[in-house]
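**Student:** run22.txt is the file, holding compact mmCIF, C-alpha atoms:
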# COMPACT_ATOMS: atom_id res chain seq x y z
CA MET Q 193 -67.38 28.31 -37.20
CA LYS Q 194 -66.32 28.38 -33.57
CA ILE Q 195 -67.19 24.96 -32.16
CA LEU Q 196 -66.90 23.82 -28.56
CA VAL Q 197 -66.18 20.09 -28.26
CA THR Q 198 -66.25 18.38 -24.87
CA GLY Q 199 -64.14 15.26 -24.43
CA THR Q 200 -61.33 16.26 -26.81
CA ALA Q 201 -58.86 13.80 -25.28
CA GLY Q 202 -61.34 11.00 -25.90
CA PHE Q 203 -61.51 8.51 -28.74
CA ILE Q 204 -64.26 10.22 -30.72
CA GLY Q 205 -63.62 13.75 -29.47
CA SER Q 206 -59.99 13.90 -30.58
CA SER Q 207 -60.80 12.51 -34.03
CA LEU Q 208 -63.69 14.94 -34.45
CA ALA Q 209 -61.58 17.91 -33.36
CA LEU Q 210 -58.93 17.04 -35.96
CA ARG Q 211 -61.53 16.90 -38.73
CA LEU Q 212 -63.11 20.20 -37.72
CA LEU Q 213 -59.74 21.92 -37.52
CA ALA Q 214 -58.75 20.50 -40.91
CA ARG Q 215 -61.76 22.10 -42.55
CA GLY Q 216 -61.01 25.50 -40.98
CA ASP Q 217 -63.22 25.60 -37.90
CA GLU Q 218 -61.96 26.98 -34.60
CA VAL Q 219 -62.24 24.38 -31.81
CA ILE Q 220 -62.45 24.98 -28.07
CA GLY Q 221 -61.83 21.64 -26.40
CA ILE Q 222 -62.71 20.62 -22.84
CA ASP Q 223 -61.41 17.48 -21.14
CA ASN Q 224 -60.42 16.47 -17.61
CA LEU Q 225 -58.07 13.62 -18.65
CA ASN Q 226 -59.43 11.39 -15.88
CA ASP Q 227 -57.90 8.01 -15.14
CA TYR Q 228 -60.82 5.76 -16.11
CA TYR Q 229 -58.32 4.30 -18.57
CA ASP Q 230 -54.71 4.96 -19.65
CA VAL Q 231 -54.07 8.70 -19.27
CA ASP Q 232 -50.97 8.47 -21.48
CA LEU Q 233 -53.16 7.45 -24.40
CA LYS Q 234 -55.43 10.43 -23.76
CA VAL Q 235 -52.41 12.74 -23.64
CA ALA Q 236 -51.14 11.32 -26.93
CA ARG Q 237 -54.54 11.85 -28.59
CA LEU Q 238 -54.71 15.40 -27.29
CA ALA Q 239 -51.17 16.14 -28.48
CA ARG Q 240 -52.30 15.56 -32.08
CA VAL Q 241 -54.97 18.22 -31.64
CA GLN Q 242 -52.81 20.70 -29.72
CA LYS Q 243 -50.52 21.11 -32.74
CA HIS Q 244 -53.22 23.10 -34.54
CA ALA Q 245 -53.29 26.89 -34.16
CA GLY Q 246 -57.08 26.90 -34.23
CA PHE Q 247 -57.37 24.79 -31.07
CA THR Q 248 -57.90 26.21 -27.57
CA GLU Q 249 -57.64 23.79 -24.66
CA VAL Q 250 -59.70 23.99 -21.47
CA ARG Q 251 -58.76 21.47 -18.78
CA GLY Q 252 -61.50 20.46 -16.37
CA ASP Q 253 -64.82 18.73 -15.71
CA ILE Q 254 -68.04 19.56 -17.50
CA GLU Q 255 -69.81 19.12 -14.16
CA ASP Q 256 -67.81 22.12 -12.87
CA THR Q 257 -70.49 24.78 -13.28
CA ALA Q 258 -68.19 27.77 -12.80
CA LEU Q 259 -65.69 26.46 -15.35
CA MET Q 260 -68.38 25.83 -17.93
CA ASN Q 261 -69.93 29.26 -17.40
CA GLU Q 262 -66.53 30.92 -17.78
CA THR Q 263 -65.67 28.91 -20.89
CA PHE Q 264 -68.88 29.76 -22.72
CA ALA Q 265 -68.65 33.43 -21.69
CA ALA Q 266 -65.04 33.71 -22.86
CA HIS Q 267 -65.41 31.90 -26.20
CA ARG Q 268 -69.10 32.18 -27.15
CA PRO Q 269 -69.16 29.15 -29.48
CA ASP Q 270 -71.49 29.01 -32.47
CA ARG Q 271 -72.14 25.30 -32.05
CA VAL Q 272 -71.40 22.63 -29.45
CA VAL Q 273 -70.67 18.90 -29.60
CA ASN Q 274 -70.93 17.17 -26.22
CA LEU Q 275 -68.90 13.96 -26.17
CA ALA Q 276 -67.57 14.13 -22.60
CA ALA Q 277 -69.15 11.41 -20.50
CA GLN Q 278 -68.44 8.57 -18.15
CA PRO Q 279 -68.53 5.62 -20.57
CA GLY Q 280 -68.83 1.89 -20.04
CA VAL Q 281 -71.74 -0.38 -19.20
CA ARG Q 282 -69.92 -2.60 -16.72
CA TYR Q 283 -68.27 0.19 -14.73
CA SER Q 284 -71.72 1.70 -14.11
CA LEU Q 285 -72.51 -1.30 -11.93
CA VAL Q 286 -69.69 -0.46 -9.51
CA ASN Q 287 -69.43 3.35 -9.64
CA PRO Q 288 -72.89 4.71 -10.46
CA ARG Q 289 -72.28 8.20 -9.06
CA ALA Q 290 -69.61 8.87 -11.69
CA TYR Q 291 -72.32 8.51 -14.34
CA VAL Q 292 -74.75 10.90 -12.68
CA ASP Q 293 -72.00 13.48 -12.13
CA ALA Q 294 -70.60 13.50 -15.67
CA ASN Q 295 -73.56 12.41 -17.76
CA VAL Q 296 -76.41 14.20 -16.00
CA VAL Q 297 -74.98 17.13 -14.01
CA GLY Q 298 -72.36 17.79 -16.68
CA PHE Q 299 -74.93 17.69 -19.46
CA LEU Q 300 -77.16 20.13 -17.57
CA ASN Q 301 -74.23 22.59 -17.53
CA VAL Q 302 -73.88 22.17 -21.29
CA LEU Q 303 -77.59 22.76 -21.87
CA GLU Q 304 -77.77 25.80 -19.60
CA ASN Q 305 -74.84 27.49 -21.31
CA CYS Q 306 -76.12 26.66 -24.79
CA ARG Q 307 -79.39 28.30 -23.76
CA HIS Q 308 -77.88 31.45 -22.28
CA PHE Q 309 -75.25 31.99 -24.98
CA ASP Q 310 -77.56 31.44 -27.96
CA VAL Q 311 -75.76 28.40 -29.37
CA GLN Q 312 -77.02 27.62 -32.88
CA HIS Q 313 -76.98 23.83 -32.50
CA LEU Q 314 -76.10 21.31 -29.80
CA VAL Q 315 -75.11 17.82 -30.93
CA TYR Q 316 -74.55 15.26 -28.17
CA ALA Q 317 -73.54 11.64 -27.84
CA SER Q 318 -76.18 9.12 -26.88
CA THR Q 319 -75.70 5.37 -27.26
CA SER Q 320 -77.16 2.20 -28.72
CA SER Q 321 -77.35 0.98 -25.11
CA VAL Q 322 -80.60 2.95 -24.69
CA TYR Q 323 -82.36 0.18 -26.64
CA GLY Q 324 -81.85 -2.20 -23.72
CA ASN Q 325 -83.14 -5.69 -24.48
CA HIS Q 326 -85.03 -4.63 -27.60
CA THR Q 327 -85.67 -7.65 -29.79
CA ARG Q 328 -87.12 -5.85 -32.83
CA ILE Q 329 -84.18 -5.28 -35.14
CA PRO Q 330 -82.81 -3.24 -36.72
CA PHE Q 331 -83.22 -0.73 -33.89
CA SER Q 332 -85.23 2.29 -34.97
CA GLU Q 333 -85.19 5.74 -33.39
CA HIS Q 334 -88.96 5.76 -33.85
CA GLU Q 335 -89.43 3.00 -31.27
CA PRO Q 336 -89.75 3.90 -27.56
CA VAL Q 337 -86.71 3.13 -25.38
CA ASP Q 338 -88.07 3.10 -21.85
CA HIS Q 339 -86.41 -0.01 -20.42
CA PRO Q 340 -82.62 0.50 -20.08
CA VAL Q 341 -80.63 -2.36 -18.55
CA SER Q 342 -77.67 -0.33 -17.22
CA LEU Q 343 -77.33 2.99 -15.42
CA TYR Q 344 -75.04 4.15 -18.23
CA ALA Q 345 -77.90 3.67 -20.69
CA ALA Q 346 -80.33 5.35 -18.30
CA THR Q 347 -78.17 8.48 -18.07
CA LYS Q 348 -77.94 8.68 -21.87
CA LYS Q 349 -81.71 8.33 -22.21
CA CYS Q 350 -81.91 11.08 -19.59
CA ASN Q 351 -79.75 13.26 -21.87
CA GLU Q 352 -82.26 12.83 -24.69
CA LEU Q 353 -85.13 13.82 -22.40
CA MET Q 354 -83.25 16.82 -21.03
CA ALA Q 355 -82.33 17.95 -24.54
CA HIS Q 356 -85.94 17.76 -25.67
CA THR Q 357 -87.01 19.89 -22.71
CA TYR Q 358 -84.54 22.63 -23.68
CA SER Q 359 -85.55 22.39 -27.33
CA HIS Q 360 -89.20 22.77 -26.32
CA LEU Q 361 -88.85 25.47 -23.69
CA PHE Q 362 -86.09 27.61 -25.17
CA GLY Q 363 -86.01 26.74 -28.87
CA LEU Q 364 -82.48 25.30 -28.59
CA PRO Q 365 -81.83 23.04 -31.60
CA THR Q 366 -80.52 19.70 -30.31
CA THR Q 367 -79.51 16.48 -32.04
CA GLY Q 368 -78.76 13.26 -30.16
CA LEU Q 369 -76.60 10.60 -31.81
CA ARG Q 370 -76.91 6.99 -30.76
CA PHE Q 371 -73.48 5.52 -31.48
CA PHE Q 372 -73.17 1.79 -32.16
CA THR Q 373 -69.98 0.05 -30.88
CA VAL Q 374 -67.31 2.45 -32.10
CA TYR Q 375 -63.87 1.00 -32.84
CA GLY Q 376 -60.68 1.88 -34.69
CA PRO Q 377 -57.23 3.50 -34.24
CA TRP Q 378 -56.76 5.50 -31.01
CA GLY Q 379 -59.69 3.58 -29.50
CA ARG Q 380 -60.58 2.88 -25.89
CA PRO Q 381 -58.46 0.28 -24.02
CA ASP Q 382 -61.51 -0.92 -22.07
CA MET Q 383 -63.32 -2.07 -25.21
CA ALA Q 384 -63.22 -5.55 -26.71
CA LEU Q 385 -61.00 -4.95 -29.74
CA PHE Q 386 -58.27 -3.32 -27.65
CA LEU Q 387 -58.48 -5.96 -24.91
CA PHE Q 388 -58.51 -8.84 -27.39
CA THR Q 389 -55.53 -7.50 -29.34
CA ARG Q 390 -53.38 -7.01 -26.26
CA LYS Q 391 -54.17 -10.45 -24.85
CA ILE Q 392 -53.82 -12.36 -28.12
CA LEU Q 393 -50.41 -10.81 -28.77
CA ALA Q 394 -49.38 -11.68 -25.19
CA GLY Q 395 -50.61 -15.25 -25.58
CA GLU Q 396 -53.23 -14.76 -22.87
CA PRO Q 397 -56.81 -16.06 -23.06
CA ILE Q 398 -59.58 -13.60 -23.95
CA ASP Q 399 -62.95 -13.48 -22.18
CA VAL Q 400 -65.70 -14.10 -24.74
CA PHE Q 401 -69.09 -13.28 -23.25
CA ASN Q 402 -72.37 -14.85 -24.30
CA TYR Q 403 -70.16 -17.65 -25.66
CA GLY Q 404 -69.36 -15.46 -28.69
CA ARG Q 405 -72.92 -15.63 -29.97
CA HIS Q 406 -74.03 -12.05 -29.52
CA LYS Q 407 -73.97 -9.70 -32.46
CA ARG Q 408 -72.91 -6.08 -32.73
CA ASP Q 409 -73.21 -3.28 -35.24
CA PHE Q 410 -69.50 -2.37 -35.20
CA THR Q 411 -68.97 1.19 -36.48
CA TYR Q 412 -65.58 2.49 -37.60
CA ILE Q 413 -64.35 5.74 -36.04
CA ASP Q 414 -64.11 7.69 -39.32
CA ASP Q 415 -67.72 6.81 -40.13
CA ILE Q 416 -68.83 8.07 -36.71
CA VAL Q 417 -66.97 11.35 -37.16
CA GLU Q 418 -68.45 11.88 -40.61
CA GLY Q 419 -71.92 11.31 -39.18
CA VAL Q 420 -71.30 13.79 -36.36
CA ILE Q 421 -70.11 16.49 -38.76
CA ARG Q 422 -73.01 16.01 -41.14
CA THR Q 423 -75.57 16.24 -38.37
CA LEU Q 424 -73.77 19.21 -36.80
CA ASP Q 425 -74.05 21.06 -40.12
CA ASN Q 426 -77.73 20.10 -40.43
CA VAL Q 427 -79.32 22.18 -37.66
CA ALA Q 428 -82.27 20.41 -36.04
CA THR Q 429 -85.73 21.75 -36.84
CA GLY Q 430 -89.21 20.91 -35.67
CA ASN Q 431 -91.07 18.12 -37.42
CA PRO Q 432 -94.06 19.75 -39.18
CA ASP Q 433 -95.85 16.38 -39.23
CA PHE Q 434 -95.39 15.69 -35.53
CA ASP Q 435 -98.58 14.27 -34.01
CA ALA Q 436 -98.92 14.68 -30.25
CA MET Q 437 -101.56 11.93 -30.25
CA GLN Q 438 -99.00 9.49 -31.71
CA PRO Q 439 -95.67 11.02 -30.68
CA ASP Q 440 -92.53 10.07 -32.57
CA PRO Q 441 -89.59 9.51 -30.16
CA ALA Q 442 -87.08 10.60 -32.84
CA SER Q 443 -88.50 14.08 -33.46
CA SER Q 444 -90.78 16.75 -32.06
CA SER Q 445 -92.64 19.93 -32.86
CA ALA Q 446 -89.59 21.49 -31.17
CA PRO Q 447 -86.18 21.63 -32.95
CA TYR Q 448 -85.15 18.18 -31.72
CA ARG Q 449 -83.80 15.10 -33.50
CA VAL Q 450 -82.31 11.72 -32.58
CA TYR Q 451 -80.32 9.58 -35.05
CA ASN Q 452 -78.64 6.20 -35.02
CA ILE Q 453 -75.08 6.14 -36.33
CA GLY Q 454 -74.16 2.54 -37.01
CA ASN Q 455 -72.75 0.42 -39.80
CA ASN Q 456 -76.17 -1.18 -40.46
CA GLN Q 457 -74.55 -4.63 -40.39
CA LEU Q 458 -74.96 -7.46 -37.89
CA VAL Q 459 -71.58 -9.04 -37.09
CA GLU Q 460 -71.31 -11.98 -34.73
CA LEU Q 461 -68.62 -11.62 -32.08
CA GLU Q 462 -67.04 -14.89 -33.19
CA HIS Q 463 -66.54 -13.45 -36.70
CA TYR Q 464 -65.10 -10.22 -35.28
CA ILE Q 465 -62.55 -12.29 -33.33
CA HIS Q 466 -61.76 -14.36 -36.43
CA VAL Q 467 -61.04 -11.18 -38.42
CA LEU Q 468 -58.74 -9.99 -35.64
CA GLU Q 469 -56.94 -13.35 -35.53
CA SER Q 470 -56.33 -13.10 -39.28
CA CYS Q 471 -54.92 -9.57 -38.97
CA LEU Q 472 -52.64 -10.59 -36.09
CA ASN Q 473 -51.79 -13.95 -37.65
CA LYS Q 474 -52.36 -15.53 -34.24
CA THR Q 475 -55.11 -17.74 -32.82
CA ALA Q 476 -56.92 -16.60 -29.69
CA LYS Q 477 -57.29 -18.71 -26.57
CA LYS Q 478 -60.88 -18.21 -25.43
CA ASN Q 479 -62.67 -18.24 -22.10
CA LEU Q 480 -66.30 -18.76 -23.12
CA LEU Q 481 -68.55 -17.02 -20.58
CA PRO Q 482 -72.26 -16.17 -20.19
CA LEU Q 483 -73.69 -12.73 -21.02
CA GLN Q 484 -72.66 -10.14 -18.44
CA ALA Q 485 -75.09 -8.08 -16.38
CA GLY Q 486 -75.98 -4.85 -18.19
CA ASP Q 487 -74.96 -6.15 -21.62
CA VAL Q 488 -77.45 -6.65 -24.43
CA PRO Q 489 -77.43 -9.66 -26.79
CA ASP Q 490 -77.55 -7.83 -30.14
CA THR Q 491 -77.35 -4.31 -31.56
CA PHE Q 492 -78.27 -3.36 -35.12
CA ALA Q 493 -78.85 0.20 -36.35
CA ASP Q 494 -81.56 1.35 -38.69
CA VAL Q 495 -79.87 4.34 -40.36
CA SER Q 496 -82.59 5.25 -42.85
CA ASP Q 497 -83.18 8.63 -41.17
CA LEU Q 498 -79.47 9.44 -41.30
CA ILE Q 499 -79.48 8.65 -45.01
CA SER Q 500 -82.62 10.66 -45.78
CA ASP Q 501 -81.74 13.71 -43.67
CA VAL Q 502 -77.97 14.11 -44.13
CA ASP Q 503 -77.29 11.78 -47.07
CA TYR Q 504 -74.88 9.55 -45.21
CA LYS Q 505 -74.53 5.83 -44.50
CA PRO Q 506 -71.49 4.41 -42.66
CA ASP Q 507 -69.92 1.69 -44.79
CA THR Q 508 -66.48 0.62 -43.48
CA SER Q 509 -66.37 -3.18 -43.22
CA VAL Q 510 -65.02 -4.85 -40.08
CA GLU Q 511 -62.33 -6.44 -42.23
CA ASP Q 512 -61.00 -3.01 -43.26
CA GLY Q 513 -61.60 -1.37 -39.88
CA VAL Q 514 -59.95 -4.07 -37.77
CA SER Q 515 -56.98 -4.17 -40.14
CA ARG Q 516 -56.45 -0.41 -39.74
CA PHE Q 517 -56.72 -0.74 -35.97
CA VAL Q 518 -54.13 -3.52 -35.83
CA GLU Q 519 -51.76 -1.48 -38.02
CA TRP Q 520 -52.11 1.49 -35.65
CA TYR Q 521 -51.80 -0.68 -32.53
CA ARG Q 522 -48.58 -2.33 -33.68
CA GLU Q 523 -47.05 1.04 -34.55
CA TYR Q 524 -48.21 2.83 -31.38
CA TYR Q 525 -47.13 0.06 -28.99
CA ASP Q 526 -44.18 -1.07 -31.12
CA THR Q 527 -45.28 -4.72 -31.12
Translate this file's structure into structure tokens.

**Tutor:**
Amino acid sequence: MKILVTGTAGFIGSSLALRLLARGDEVIGIDNLNDYYDVDLKVARLARVQKHAGFTEVRGDIEDTALMNETFAAHRPDRVVNLAAQPGVRYSLVNPRAYVDANVVGFLNVLENCRHFDVQHLVYASTSSVYGNHTRIPFSEHEPVDHPVSLYAATKKCNELMAHTYSHLFGLPTTGLRFFTVYGPWGRPDMALFLFTRKILAGEPIDVFNYGRHKRDFTYIDDIVEGVIRTLDNVATGNPDFDAMQPDPASSSAPYRVYNIGNNQLVELEHYIHVLESCLNKTAKKNLLPLQAGDVPDTFADVSDLISDVDYKPDTSVEDGVSRFVEWYREYYDT
């Protein structure tokens, strides 16, 4: 297939593009290589993808309407995976407009072009952050998520609502994927594992929020990519049992689906740090701090729908995943 992937210099986007190319798909990749974090790392990720003959690079912003129109018209992709976004909960407190531009305006450009160029299936990244301060765990896609606690989460919930509208009005099959704390080689430097590794190796103290007590459903990058590919290949359809009197947030009478992709394991931050310390053979110095604004105490994915619909359950343990990350980090940064 010819697949357009936005965010191909990103953590997930570059890994996904490599997998699609390896199986014989043609990939058109869009990225602006912005400086939200280390551009050199983005360039290095992209260089791995650029080596493949089946890859076509488009440099620019998804919120650039003219660029997006031209890209879809020139390449006419069969399917689309939208991973380009302004990430990060904490940054959304200081630069909210970046989130509306990339995550809302940019996503509208994706939807409009999918509609006009008869794309077979749009898969897009949502986030576990949409659950806000949910206390009923594991988090289920069938529960309403109407109380986000960060603008980042609000824009991703907005994506799900926008996607449903296009599925309903224009019959565009859409699938939203709520990712749960993705980590692994080639990861994002603004996320905990990267920050902790750099500081522990440098002998600097690490900031441990919520005093290390909060729990996360840490999901290894290869498991995320496998989940994306399986859902991409499983084109969304309407739910024949959908009841408008008791609407299911995860499905619709329109060709619309939402899935969690998580490891289905609760791991306390303190344990995550302990695993990292073991892999580095160094003990962390810790600044124990309260929970930050916009953060949620716990995340835990119910993946029963993912299992039943695409026969997949992420299963990489944090012990294996963190070890692979540390191996990559030491090689990449020569530490």

**Student:** When you look at Leu259 of chain Q with a cut-off of 12 Å (counting only C-alpha atoms), what residues show up, excluding the ones that are within fewer than 4 positions of it in the same chain? I need them as a ChimeraX atom specification.

**Tutor:** /Q:222-224,250-255,263-266,298,301-302,305

**Student:** Of the candidates Q:Glu335, Q:Asp227, Q:Asp425, Q:Glu462, which one gets nearest to Phe401 of chain Q if we count only C-alpha atoms?

**Tutor:**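 Nearest candidate to Phe401 of chain Q out of Q:Glu335, Q:Asp227, Q:Asp425, Q:Glu462: Q:Glu462.
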
**Student:** Residues of segment 328-399 of chain Q within 8 Å of segment 281-286 of chain Q: nearest atom pair and distance (Å, one decimal) for each, counting all atoms listed in the file, sorted by chain and number, as JSON lines?

**Tutor:**
{"residue": "Q:Ser342", "atom": "CA", "partner": "Q:Val281", "partner_atom": "CA", "distance": 6.3}
{"residue": "Q:Leu343", "atom": "CA", "partner": "Q:Ser284", "partner_atom": "CA", "distance": 5.9}
{"residue": "Q:Tyr344", "atom": "CA", "partner": "Q:Val281", "partner_atom": "CA", "distance": 5.7}
{"residue": "Q:Ala345", "atom": "CA", "partner": "Q:Val281", "partner_atom": "CA", "distance": 7.5}

**Student:** Rank Q:Phe309, Q:Phe492, Q:Tyr448, Q:Phe388 by their smallest atom-to-atom distance to Glu469 of chain Q, using only C-alpha atoms, and report the top residue only.

**Tutor:** Q:Phe388

**Student:** Once you count all atoms listed in the file, which residues end up no further than 8 Å from (-66.0, 16.0, -33.7) in the file's frame, shown as a PyMOL selection string?

**Tutor:** chain Q and resi 197+204-212+273+417+420-421

**Student:** Can you write out the residues you just picked, keeping C-alpha atoms, as an mmCIF file, keeping the file's coordinate frame?

**Tutor:**
data_model
loop_
_atom_site.group_PDB
_atom_site.id
_atom_site.type_symbol
_atom_site.label_atom_id
_atom_site.label_comp_id
_atom_site.auth_asym_id
_atom_site.auth_seq_id
_atom_site.Cartn_x
_atom_site.Cartn_y
_atom_site.Cartn_z
ATOM 1 C CA VAL Q 197 -66.180 20.090 -28.260
ATOM 2 C CA ILE Q 204 -64.260 10.220 -30.720
ATOM 3 C CA GLY Q 205 -63.620 13.750 -29.470
ATOM 4 C CA SER Q 206 -59.990 13.900 -30.580
ATOM 5 C CA SER Q 207 -60.800 12.510 -34.030
ATOM 6 C CA LEU Q 208 -63.690 14.940 -34.450
ATOM 7 C CA ALA Q 209 -61.580 17.910 -33.360
ATOM 8 C CA LEU Q 210 -58.930 17.040 -35.960
ATOM 9 C CA ARG Q 211 -61.530 16.900 -38.730
ATOM 10 C CA LEU Q 212 -63.110 20.200 -37.720
ATOM 11 C CA VAL Q 273 -70.670 18.900 -29.600
ATOM 12 C CA VAL Q 417 -66.970 11.350 -37.160
ATOM 13 C CA VAL Q 420 -71.300 13.790 -36.360
ATOM 14 C CA ILE Q 421 -70.110 16.490 -38.760
#

**Student:** Do you have the atom CA of Leu238 of chain Q-atom CA of Phe371 of chain Q distance handy?

**Tutor:**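 Between atom CA of Leu238 of chain Q and atom CA of Phe371 of chain Q the gap works out to 21.6 Å.
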
**Student:** Would you compute the distance between atom CA of Leu498 of chain Q and atom CA of Asp512 of chain Q? Give it in Å to one decimal.

**Tutor:**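 Interatomic distance here is 22.4 Å.
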
**Student:** I'd like the neighbourhood of segment 464-468 of chain Q as a PyMOL selection string, where a residue qualifies if any of its atoms comes within 8 Å (using only C-alpha atoms), though same-chain residues fewer than 2 positions away should be ignored.

**Tutor:** chain Q and resi 388-389+459-462+470-472+476+510-511+514-515+518

**Student:** Would you write out those residues with C-alpha atoms, as a short mmCIF file (atom, residue, chain, number, x, y, z; two decimals), in the frame of the given file?

**Tutor:**
data_model
loop_
_atom_site.label_atom_id
_atom_site.label_comp_id
_atom_site.auth_asym_id
_atom_site.auth_seq_id
_atom_site.Cartn_x
_atom_site.Cartn_y
_atom_site.Cartn_z
CA PHE Q 388 -58.51 -8.84 -27.39
CA THR Q 389 -55.53 -7.50 -29.34
CA VAL Q 459 -71.58 -9.04 -37.09
CA GLU Q 460 -71.31 -11.98 -34.73
CA LEU Q 461 -68.62 -11.62 -32.08
CA GLU Q 462 -67.04 -14.89 -33.19
CA SER Q 470 -56.33 -13.10 -39.28
CA CYS Q 471 -54.92 -9.57 -38.97
CA LEU Q 472 -52.64 -10.59 -36.09
CA ALA Q 476 -56.92 -16.60 -29.69
CA VAL Q 510 -65.02 -4.85 -40.08
CA GLU Q 511 -62.33 -6.44 -42.23
CA VAL Q 514 -59.95 -4.07 -37.77
CA SER Q 515 -56.98 -4.17 -40.14
CA VAL Q 518 -54.13 -3.52 -35.83
#

**Student:** For Asp270 of chain Q, which residue out of Q:Asp433, Q:Asp217, Q:Glu352, Q:Asp293 is the nearest one, using only C-alpha atoms?

**Tutor:**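 Of Q:Asp433, Q:Asp217, Q:Glu352, Q:Asp293, the one nearest Asp270 of chain Q is Q:Asp217, counting only C-alpha atoms.
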
**Student:** Have a look at Q:Gln278, Q:Ser509, Q:Asn351, Q:Thr475 and name the one nearest to Leu393 of chain Q; count all atoms listed in the file.

**Tutor:** Q:Thr475

**Student:** Box along x, y and z, 8 Å on every side, all listed atoms of segment 459-476 of chain Q inside: centre and edge lengths in Å to one decimal, as AutoDock Vina command-line options.

**Tutor:**
--center_x -61.7 --center_y -13.4 --center_z -34.5 --size_x 35.8 --size_y 24.7 --size_z 25.6
